[in-house]
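To start, the structure under review is shown below, and the notes come after it.
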Amino acid sequence: MGGATRGRGHTKEGRVLIGAWPRWVGVARCRAGSGAGRKAAAAAVPVTAAAMSFVWPWQYSFPPFFTLQPNGETRQKQLSAWCALALAYSQEHRLPAMTVREAQDIPLFANHRLQRKLPLESIQVVLEELRKNGNLEWLDKNKTSFLIMWKRPEEWGKLIYQWVSKNGLTNSVFTLYELVSGDDTENEEFHGLDEDTLLRALQALQQEHKAEIITLDDGRGVKFF
């Protein structure tokens with residue numbers, strides 16, 4: 001597949017709605033606000049089309065949500081709500097790897113309209129909960145940087161291999177750029193995937209003997225079997 005590719009990062013826009021949130025404080029109705037982009041310091045008032053595509057859950061507008069509760073059962077429901085929000089936000093904005101301190105300033109953990117932030121130590125707790133669920137990888141031993149995986153590498157690998165099989169492309173070689181930025185995959189969910197996540201997905205396929213990550217003259221590539 002040596003077709004021309006376009007040097008742009010493609011993301012699919014769409015509304016993300018979060019349903020069935022745990023009612024950890026007994027509020028009967030859900031309220032949705034709207035948020036800003038990944039590192040904007042704006043309040044929940046949307047400033048871009050991308051920001052308008054995300055609908056915040058009612059908890060995000062509720063100040064106690066930004067304080068982890070001491071009660072065990074209540075705390076676990078609250079953590080589940082934070083994890084669901086983190087995964088939905090990461091999916092919408094295709095969050096790259098970042099440090100915990102950087103995360104503290106993105107709209108996910110900072111509601112500037114309420115003037116509330118989830119404290120740094122509480123962010124660590126939420127991130128560790130995501131790791132336990134298989135949706136996060138710490139990138140250093142001190143747990144200062146991380147990557148949220150709103151799909152697990154195995155799930156991305158399955159999607160990629162389904163596309164390969166459907167199009168009769170086994171025994172074909174692709175550069176990593178062609179796979180996630182080329183015209184041939186433009187309508188696929190994995191189009192625009194960041195390289196860290198792509199490599200994890202391909203490593204999962206490699207363990208299943210369905211692919212091999214290889215070195216090419218212009219960088220890394222992959223051969224499918």
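The chains in the structure tokens are called A, B, ... from first to last as shown; in each chain the residues are counted from 1, and the ligands are counted from 1 in the order shown.
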Return as a JSON list (two decimals) with C-alpha atoms, in the first residue's frame the full set of residues in segment 59-134 of chain A whose backbone-based DSSP assignment is strand (DSSP E).
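Contents of states-v8.json, freshly written:
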[["chain", "number", "residue", "atom", "x", "y", "z"],
["A", 98, "MET", "CA", 1.74, 13.89, 30.11],
["A", 99, "THR", "CA", 2.97, 14.49, 33.64],
["A", 110, "ALA", "CA", -9.75, 21.79, 36.89],
["A", 111, "ASN", "CA", -13.18, 23.43, 36.69],
["A", 116, "ARG", "CA", -12.17, 23.99, 41.88],
["A", 117, "LYS", "CA", -9.31, 21.61, 41.14]]
Give me the segment 97-206 of chain A side of the contact with segment 62-74 of chain A, cut-off 12 Å, one line per residue showing its nearest atom pair and distance in Å at one decimal, counting only C-alpha atoms, sorted by chain and residue number, as a tab-separated table.
residue	atom	partner	partner_atom	distance
A:Gln104	CA	A:Phe66	CA	11.8
A:Leu108	CA	A:Phe66	CA	10.9
A:Phe109	CA	A:Phe66	CA	8.1
A:Ala110	CA	A:Phe66	CA	8.7
A:Asn111	CA	A:Phe66	CA	9.0
A:His112	CA	A:Pro63	CA	11.2
A:Arg113	CA	A:Pro63	CA	10.5
A:Leu114	CA	A:Pro63	CA	7.0
A:Gln115	CA	A:Pro63	CA	9.0
A:Arg116	CA	A:Phe66	CA	6.7
A:Lys117	CA	A:Phe66	CA	6.2
A:Leu118	CA	A:Phe66	CA	4.9
A:Pro119	CA	A:Phe66	CA	7.7
A:Leu120	CA	A:Phe66	CA	10.9
A:Glu121	CA	A:Leu68	CA	10.0
A:Ser122	CA	A:Leu68	CA	6.8
A:Ile123	CA	A:Leu68	CA	9.7
A:Gln124	CA	A:Leu68	CA	11.5
A:Val125	CA	A:Leu68	CA	9.3
A:Val126	CA	A:Leu68	CA	9.6
Given only C-alpha atoms as the basis, pick out the residue of A:Gly221, A:Gly134, A:Gly157, A:Gly192 nearest to Val180 of chain A.
A:Gly192
Residues near Leu205 of chain A, cut-off 10 Å, only C-alpha atoms, skip fewer than 3 positions along chain, as a list in words:
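Selected residues are Pro153, Glu154, Trp156, Gly157, Lys158, Ile160, Tyr161, Leu199, Arg200, Ala201, Leu202, Glu208, His209, Lys210, Ala211, Glu212, Ile213, Phe224 and Phe225 of chain A.
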Using only C-alpha atoms, tabulate the residues of segment 80-103 of chain A lying at most 12 Å from any atom of segment 193-197 of chain A, each with its closest atom pair and that distance in Å to one decimal, by chain and increasing residue number, as a Markdown table.
| residue | atom | partner | partner_atom | distance |
| --- | --- | --- | --- | --- |
| A:Ser90 | CA | A:Leu193 | CA | 12.0 |
| A:Gln91 | CA | A:Leu193 | CA | 10.5 |
| A:His93 | CA | A:Leu193 | CA | 11.3 |
| A:Arg94 | CA | A:Leu193 | CA | 7.8 |
| A:Leu95 | CA | A:Asp194 | CA | 8.9 |
| A:Pro96 | CA | A:Asp194 | CA | 7.1 |
| A:Ala97 | CA | A:Asp196 | CA | 8.2 |
| A:Met98 | CA | A:Asp196 | CA | 11.9 |
So what do you get for atom CA of Asp105 of chain A versus atom CA of Cys83 of chain A, distance-wise?
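Between atom CA of Asp105 of chain A and atom CA of Cys83 of chain A the gap is 17.2 Å.
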Skipping near chain neighbours, those fewer than 4 positions away, what residues fall within 12 Å of Glu129 of chain A using only C-alpha atoms, listed as a PyMOL selection string?
chain A and resi 75-84+86-87+122-125+133-138+148
